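Participant: The structure under discussion is supplied below as structure tokens; questions concerning it will follow.
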Amino acid sequence: MSDQKDPVNKGDRNKIYFLIVVILALLGTNAFLFFRDKHEKERFVTTNTEKDRLKLEVEKIEVEFDKVNLMNVALTEKLQNEQKQARTKIAELKKALQKGTVTEAELAAAQDELRKLKTFLTDYKEDIGHLEKENTFLKSERDSLTTSVNSVKAKASDLEKKNSELAAKVKSGAALKAFNVRIAAYKVKNSGKNVEVSKASAAQKITTYFNIVPNQLAEKDYHKIYIRIFDPAGNLIANETNMFEADGQEMQYSEMISISYNNDDTEYNMEWVNPKPFIKGTYSVILYANGFTMGKASIDLK
């Protein structure tokens with residue numbers, strides 16, 4: 001009696017239940033796929049963002065290395081090798097991060113390498129800083145040493161100059177000096193006897209007599225004595241090949257002898273035969289020894 005009143009039989013009711021279950025399953029599947037796609041999209045966005053951040057960090061580290069190189073510090077072999085290794089690692093990281101897609105594992109590895117690079121850069125910059133301080137200290141020491149060396153050189157140069165001046169004074173002090181310098185004119189007779197004359201027409205030669213001032217500094221040895229003779233017109237009478245040095249210059253001499261000096265009262269003389277006839281007037285002579293003027297004298301011939 002009750003079955004007749006229910007318009008929906010059992011078979012139809014079961015179909016309705018099945019359809020409801022299918023609809024619910026579809027709705028669950030769609031929800032799962034929606035949330036999964038959303039999660040994948042978010043993870044893709046997060047991965048790309050992290051990859052870009054890592055690229056930027058790597059570039060920053062590379063710039064830091066370039067800045068360190070601009071410090072113009074002479075790197076040790078150890079630091080050079082460390083920098084080379086770091087540059088290689090930076091190149092590898094940049095290449096890895098340039099890939100179109102990066103897995104989470106690759107991203108994690110890149111993050112780990114980046115952390116190592118940051119730590120290395122910190123240590124590297126500290127080493128460079130220490131090295132720069134050492135170089136600054138060494139430069140200061142070098143400059144100080146250079147100053148000291150220049151000071152020593154200046155003192156040595158000054159001392160050398162003083163020594164040269166002292167040597168010059170000693171040399172000048174040791175030079176022979178003449179006194180009692182006098183001149184006589186002579187003619188020579190056929191017998192060879194010298195006769196003193198006062199007329200130019202009769203004179204054939206002049207003899208210069210001199211003594212040497214006692215000098216403890218002068219060497220008791222042979223000394224060369226040079227004489228320069230000037231005619232009344234002031235012309236030097238000398239052979240152009242006879243050269244010597246005195247008073248800081250080269251000059252010609254008229255005659256030269258070598259004497260043995262013993263620091264005593266010996267009187268010396270130098271004879272000079274005029275290659276030309278004597279003329280009236282004053283003849284002047286200058287004696288030289290040891291590179292200095294020794295004495296002077298003159299004679300008037302009528």
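Residue names in the structure tokens use chain letters A, B, ... in the order shown, residue numbers from 1 in each chain, and ligand numbers from 1 in the order shown.
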Please return as a ChimeraX atom specification: the residues of region 172-237 of chain A that backbone DSSP assigns to strand (DSSP E or B).

Facilitator: /A:178-188,194-197,205-212,222-230,236

Participant: Could you name the residues that touch Asn239 (chain A) at 12 Å or less, counting only C-alpha atoms, but leaving out those on the same chain fewer than 6 positions away, as an mmCIF file with N, CA and C atoms, in the first residue's frame?

Facilitator:
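Result file follows (part_36.cif):
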data_model
loop_
_atom_site.group_PDB
_atom_site.id
_atom_site.type_symbol
_atom_site.label_atom_id
_atom_site.label_comp_id
_atom_site.auth_asym_id
_atom_site.auth_seq_id
_atom_site.Cartn_x
_atom_site.Cartn_y
_atom_site.Cartn_z
ATOM 1 N N ARG A 228 158.358 80.516 -16.232
ATOM 2 C CA ARG A 228 157.762 81.185 -17.404
ATOM 3 C C ARG A 228 158.403 82.563 -17.506
ATOM 4 N N ILE A 229 158.902 82.876 -18.699
ATOM 5 C CA ILE A 229 159.627 84.126 -18.908
ATOM 6 C C ILE A 229 158.898 84.975 -19.946
ATOM 7 N N MET A 251 149.269 75.347 -18.954
ATOM 8 C CA MET A 251 149.989 76.484 -19.526
ATOM 9 C C MET A 251 151.353 76.034 -20.045
ATOM 10 N N GLN A 252 151.985 76.916 -20.813
ATOM 11 C CA GLN A 252 153.311 76.634 -21.378
ATOM 12 C C GLN A 252 154.395 77.123 -20.413
ATOM 13 N N TYR A 253 155.517 76.439 -20.453
ATOM 14 C CA TYR A 253 156.637 76.889 -19.630
ATOM 15 C C TYR A 253 157.865 77.125 -20.522
ATOM 16 N N SER A 254 158.765 77.993 -19.988
ATOM 17 C CA SER A 254 159.980 78.331 -20.733
ATOM 18 C C SER A 254 161.104 77.354 -20.443
ATOM 19 N N GLU A 255 161.198 76.926 -19.180
ATOM 20 C CA GLU A 255 162.255 75.998 -18.775
ATOM 21 C C GLU A 255 161.780 75.213 -17.561
ATOM 22 N N MET A 256 162.377 74.021 -17.354
ATOM 23 C CA MET A 256 162.012 73.180 -16.226
ATOM 24 C C MET A 256 163.261 72.478 -15.700
ATOM 25 N N ASN A 274 168.121 82.609 -24.131
ATOM 26 C CA ASN A 274 167.110 83.191 -25.003
ATOM 27 C C ASN A 274 167.340 82.743 -26.443
ATOM 28 N N PRO A 275 166.366 82.122 -27.096
ATOM 29 C CA PRO A 275 166.540 81.702 -28.488
ATOM 30 C C PRO A 275 166.544 82.893 -29.451
#

Participant: What parts of region 156-216 of chain A does DSSP call alpha helix (DSSP H)? I'd like the answer as a list in words.

Facilitator: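 Selecting the alpha helix (DSSP H) positions of region 156-216 of chain A gives Ala156, Ser157, Asp158, Leu159, Glu160, Lys161, Lys162, Asn163, Ser164, Glu165, Leu166, Ala167, Ala168, Lys169, Val170, Lys171, Ser172, Gly173 and Ala174 of chain A.
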
Participant: Mind dumping the selected residues with N, CA, C and O atoms as a short mmCIF file (atom, residue, chain, number, x, y, z; two decimals), in the first residue's frame?

Facilitator:
data_model
loop_
_atom_site.label_atom_id
_atom_site.label_comp_id
_atom_site.auth_asym_id
_atom_site.auth_seq_id
_atom_site.Cartn_x
_atom_site.Cartn_y
_atom_site.Cartn_z
N ALA A 156 127.82 62.64 3.99
CA ALA A 156 129.01 62.09 3.34
C ALA A 156 129.52 63.04 2.26
O ALA A 156 130.73 63.24 2.12
N SER A 157 128.57 63.63 1.51
CA SER A 157 128.95 64.57 0.46
C SER A 157 129.61 65.81 1.08
O SER A 157 130.62 66.32 0.57
N ASP A 158 129.02 66.28 2.18
CA ASP A 158 129.58 67.44 2.86
C ASP A 158 130.97 67.12 3.41
O ASP A 158 131.90 67.93 3.31
N LEU A 159 131.08 65.89 3.98
CA LEU A 159 132.38 65.47 4.52
C LEU A 159 133.41 65.33 3.41
O LEU A 159 134.57 65.72 3.57
N GLU A 160 132.95 64.78 2.27
CA GLU A 160 133.85 64.63 1.13
C GLU A 160 134.32 65.99 0.63
O GLU A 160 135.49 66.17 0.28
N LYS A 161 133.37 66.94 0.61
CA LYS A 161 133.71 68.29 0.18
C LYS A 161 134.74 68.91 1.13
O LYS A 161 135.72 69.52 0.69
N LYS A 162 134.49 68.71 2.45
CA LYS A 162 135.42 69.25 3.43
C LYS A 162 136.79 68.57 3.32
O LYS A 162 137.83 69.22 3.46
N ASN A 163 136.75 67.25 3.07
CA ASN A 163 138.01 66.51 2.90
C ASN A 163 138.77 67.02 1.68
O ASN A 163 140.01 67.14 1.71
N SER A 164 138.00 67.28 0.60
CA SER A 164 138.64 67.80 -0.62
C SER A 164 139.25 69.16 -0.36
O SER A 164 140.37 69.46 -0.81
N GLU A 165 138.48 70.00 0.37
CA GLU A 165 139.00 71.32 0.70
C GLU A 165 140.24 71.21 1.59
O GLU A 165 141.21 71.95 1.40
N LEU A 166 140.15 70.28 2.56
CA LEU A 166 141.30 70.08 3.45
C LEU A 166 142.50 69.55 2.68
O LEU A 166 143.63 70.00 2.90
N ALA A 167 142.22 68.60 1.76
CA ALA A 167 143.32 68.05 0.94
C ALA A 167 143.96 69.14 0.09
O ALA A 167 145.18 69.19 -0.08
N ALA A 168 143.08 70.03 -0.44
CA ALA A 168 143.60 71.13 -1.25
C ALA A 168 144.46 72.06 -0.40
O ALA A 168 145.52 72.54 -0.84
N LYS A 169 143.98 72.29 0.84
CA LYS A 169 144.76 73.15 1.73
C LYS A 169 146.09 72.49 2.11
O LYS A 169 147.13 73.16 2.17
N VAL A 170 146.01 71.18 2.36
CA VAL A 170 147.24 70.46 2.69
C VAL A 170 148.20 70.49 1.51
O VAL A 170 149.42 70.71 1.67
N LYS A 171 147.64 70.26 0.31
CA LYS A 171 148.47 70.29 -0.90
C LYS A 171 149.09 71.67 -1.09
O LYS A 171 150.28 71.80 -1.42
N SER A 172 148.26 72.69 -0.87
CA SER A 172 148.77 74.05 -1.00
C SER A 172 149.82 74.35 0.07
O SER A 172 150.85 74.98 -0.20
N GLY A 173 149.55 73.84 1.28
CA GLY A 173 150.49 74.06 2.37
C GLY A 173 151.79 73.32 2.17
O GLY A 173 152.85 73.75 2.66
N ALA A 174 151.72 72.19 1.44
CA ALA A 174 152.93 71.38 1.22
C ALA A 174 153.72 71.85 0.00
O ALA A 174 154.82 71.37 -0.26
#

Participant: Work out how far apart CA of Lys205 (chain A) and CA of Thr266 (chain A) are and give it in Å to one decimal.

Facilitator: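 Distance between the two atoms: 22.6 Å.
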
Participant: If we count only C-alpha atoms and set the cut-off at 10 Å, which residues sit around Lys224 (chain A), ignoring sequence neighbours fewer than 4 positions away in its own chain? Please answer as an mmCIF file with N, CA, C and O atoms, in the first residue's frame.

Facilitator:
data_model
loop_
_atom_site.group_PDB
_atom_site.id
_atom_site.type_symbol
_atom_site.label_atom_id
_atom_site.label_comp_id
_atom_site.auth_asym_id
_atom_site.auth_seq_id
_atom_site.Cartn_x
_atom_site.Cartn_y
_atom_site.Cartn_z
ATOM 1 N N MET A 256 162.377 74.021 -17.354
ATOM 2 C CA MET A 256 162.012 73.180 -16.226
ATOM 3 C C MET A 256 163.261 72.478 -15.700
ATOM 4 O O MET A 256 164.111 72.030 -16.483
ATOM 5 N N ILE A 257 163.416 72.416 -14.372
ATOM 6 C CA ILE A 257 164.479 71.633 -13.754
ATOM 7 C C ILE A 257 163.875 70.785 -12.643
ATOM 8 O O ILE A 257 162.755 71.045 -12.186
ATOM 9 N N SER A 258 164.614 69.795 -12.220
ATOM 10 C CA SER A 258 164.200 68.955 -11.098
ATOM 11 C C SER A 258 165.215 69.136 -9.979
ATOM 12 O O SER A 258 166.426 68.989 -10.198
ATOM 13 N N ILE A 259 164.731 69.481 -8.776
ATOM 14 C CA ILE A 259 165.628 69.708 -7.639
ATOM 15 C C ILE A 259 165.368 68.680 -6.547
ATOM 16 O O ILE A 259 164.269 68.124 -6.438
ATOM 17 N N SER A 260 166.379 68.468 -5.733
ATOM 18 C CA SER A 260 166.240 67.597 -4.566
ATOM 19 C C SER A 260 166.022 68.491 -3.355
ATOM 20 O O SER A 260 166.901 69.264 -2.966
ATOM 21 N N TYR A 288 157.109 78.137 -10.658
ATOM 22 C CA TYR A 288 156.002 77.281 -10.230
ATOM 23 C C TYR A 288 156.553 75.974 -9.669
ATOM 24 O O TYR A 288 157.575 75.457 -10.138
ATOM 25 N N ALA A 289 155.834 75.438 -8.668
ATOM 26 C CA ALA A 289 156.182 74.119 -8.124
ATOM 27 C C ALA A 289 154.937 73.503 -7.512
ATOM 28 O O ALA A 289 154.117 74.210 -6.902
ATOM 29 N N ASN A 290 154.782 72.203 -7.676
ATOM 30 C CA ASN A 290 153.671 71.455 -7.073
ATOM 31 C C ASN A 290 152.301 71.992 -7.470
ATOM 32 O O ASN A 290 151.329 71.882 -6.730
ATOM 33 N N GLY A 291 152.215 72.580 -8.667
ATOM 34 C CA GLY A 291 150.927 73.057 -9.166
ATOM 35 C C GLY A 291 150.541 74.434 -8.678
ATOM 36 O O GLY A 291 149.409 74.878 -8.902
#

Participant: Between A:Ile61, A:Leu93, A:Ile225, A:Ala203, single out the one closest to Thr119 (chain A), counting only C-alpha atoms.

Facilitator: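 For Thr119 (chain A), the nearest of the given residues is A:Ile61.
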
Participant: Would you kindly return, as a ChimeraX atom specification, each protein, DNA or RNA residue with an atom no farther than 6 Å from any atom of Ala178 (chain A), considering only C-alpha atoms and excluding same-chain residues fewer than 5 positions away?

Facilitator: /A:211-213,294-295

Participant: Could those residues be written to a file, using N, CA, C and O atoms, as a PDB file, in the first residue's frame?

Facilitator:
ATOM      1  N   ASN A 211     165.855  80.791  -3.045  1.00  0.00           N
ATOM      2  CA  ASN A 211     165.862  79.863  -1.914  1.00  0.00           C
ATOM      3  C   ASN A 211     164.431  79.381  -1.681  1.00  0.00           C
ATOM      4  O   ASN A 211     163.474  79.991  -2.177  1.00  0.00           O
ATOM      5  N   ILE A 212     164.291  78.298  -0.944  1.00  0.00           N
ATOM      6  CA  ILE A 212     162.955  77.748  -0.673  1.00  0.00           C
ATOM      7  C   ILE A 212     162.636  77.913   0.805  1.00  0.00           C
ATOM      8  O   ILE A 212     163.461  77.591   1.679  1.00  0.00           O
ATOM      9  N   VAL A 213     161.435  78.424   1.073  1.00  0.00           N
ATOM     10  CA  VAL A 213     160.972  78.614   2.453  1.00  0.00           C
ATOM     11  C   VAL A 213     160.903  77.260   3.151  1.00  0.00           C
ATOM     12  O   VAL A 213     160.348  76.307   2.600  1.00  0.00           O
ATOM     13  N   MET A 294     155.199  79.743  -7.277  1.00  0.00           N
ATOM     14  CA  MET A 294     156.264  79.608  -6.275  1.00  0.00           C
ATOM     15  C   MET A 294     156.911  80.962  -5.932  1.00  0.00           C
ATOM     16  O   MET A 294     157.252  81.236  -4.774  1.00  0.00           O
ATOM     17  N   GLY A 295     157.091  81.814  -6.933  1.00  0.00           N
ATOM     18  CA  GLY A 295     157.697  83.114  -6.699  1.00  0.00           C
ATOM     19  C   GLY A 295     157.835  83.891  -7.992  1.00  0.00           C
ATOM     20  O   GLY A 295     157.625  83.336  -9.097  1.00  0.00           O
TER      21      GLY A 295
END

Participant: Any idea what the distance is between CA of Ile279 (chain A) and CA of Asn190 (chain A)?

Facilitator: 22.4 Å

Participant: Looking at only C-alpha atoms, which of A:Leu287, A:Asn262, A:Ile16, A:Tyr226 is the one that sits closest to Asn242 (chain A)?

Facilitator: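 Result for the nearest residue to Asn242 (chain A): A:Tyr226.
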
Participant: By how many Å are CA of Thr293 (chain A) and CA of Phe179 (chain A) apart?

Facilitator: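 Interatomic distance, CA of Thr293 (chain A) to CA of Phe179 (chain A): 12.0 Å.
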
Participant: Taking 4 positions as the minimum chain separation for residues in the same chain, which residues sit within 7 Å of Asn263 (chain A) when counting only C-alpha atoms? Answer as a ChimeraX atom specification.

Facilitator: /A:214-215,220

Participant: Keeping only C-alpha atoms, take the residues you just selected and write them out as a short mmCIF file (atom, residue, chain, number, x, y, z; two decimals), in the first residue's frame.

Facilitator:
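Written out: part_13.cif:
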data_model
loop_
_atom_site.label_atom_id
_atom_site.label_comp_id
_atom_site.auth_asym_id
_atom_site.auth_seq_id
_atom_site.Cartn_x
_atom_site.Cartn_y
_atom_site.Cartn_z
CA PRO A 214 161.39 75.86 5.09
CA ASN A 215 158.28 73.67 5.04
CA LYS A 220 161.82 65.67 1.05
#
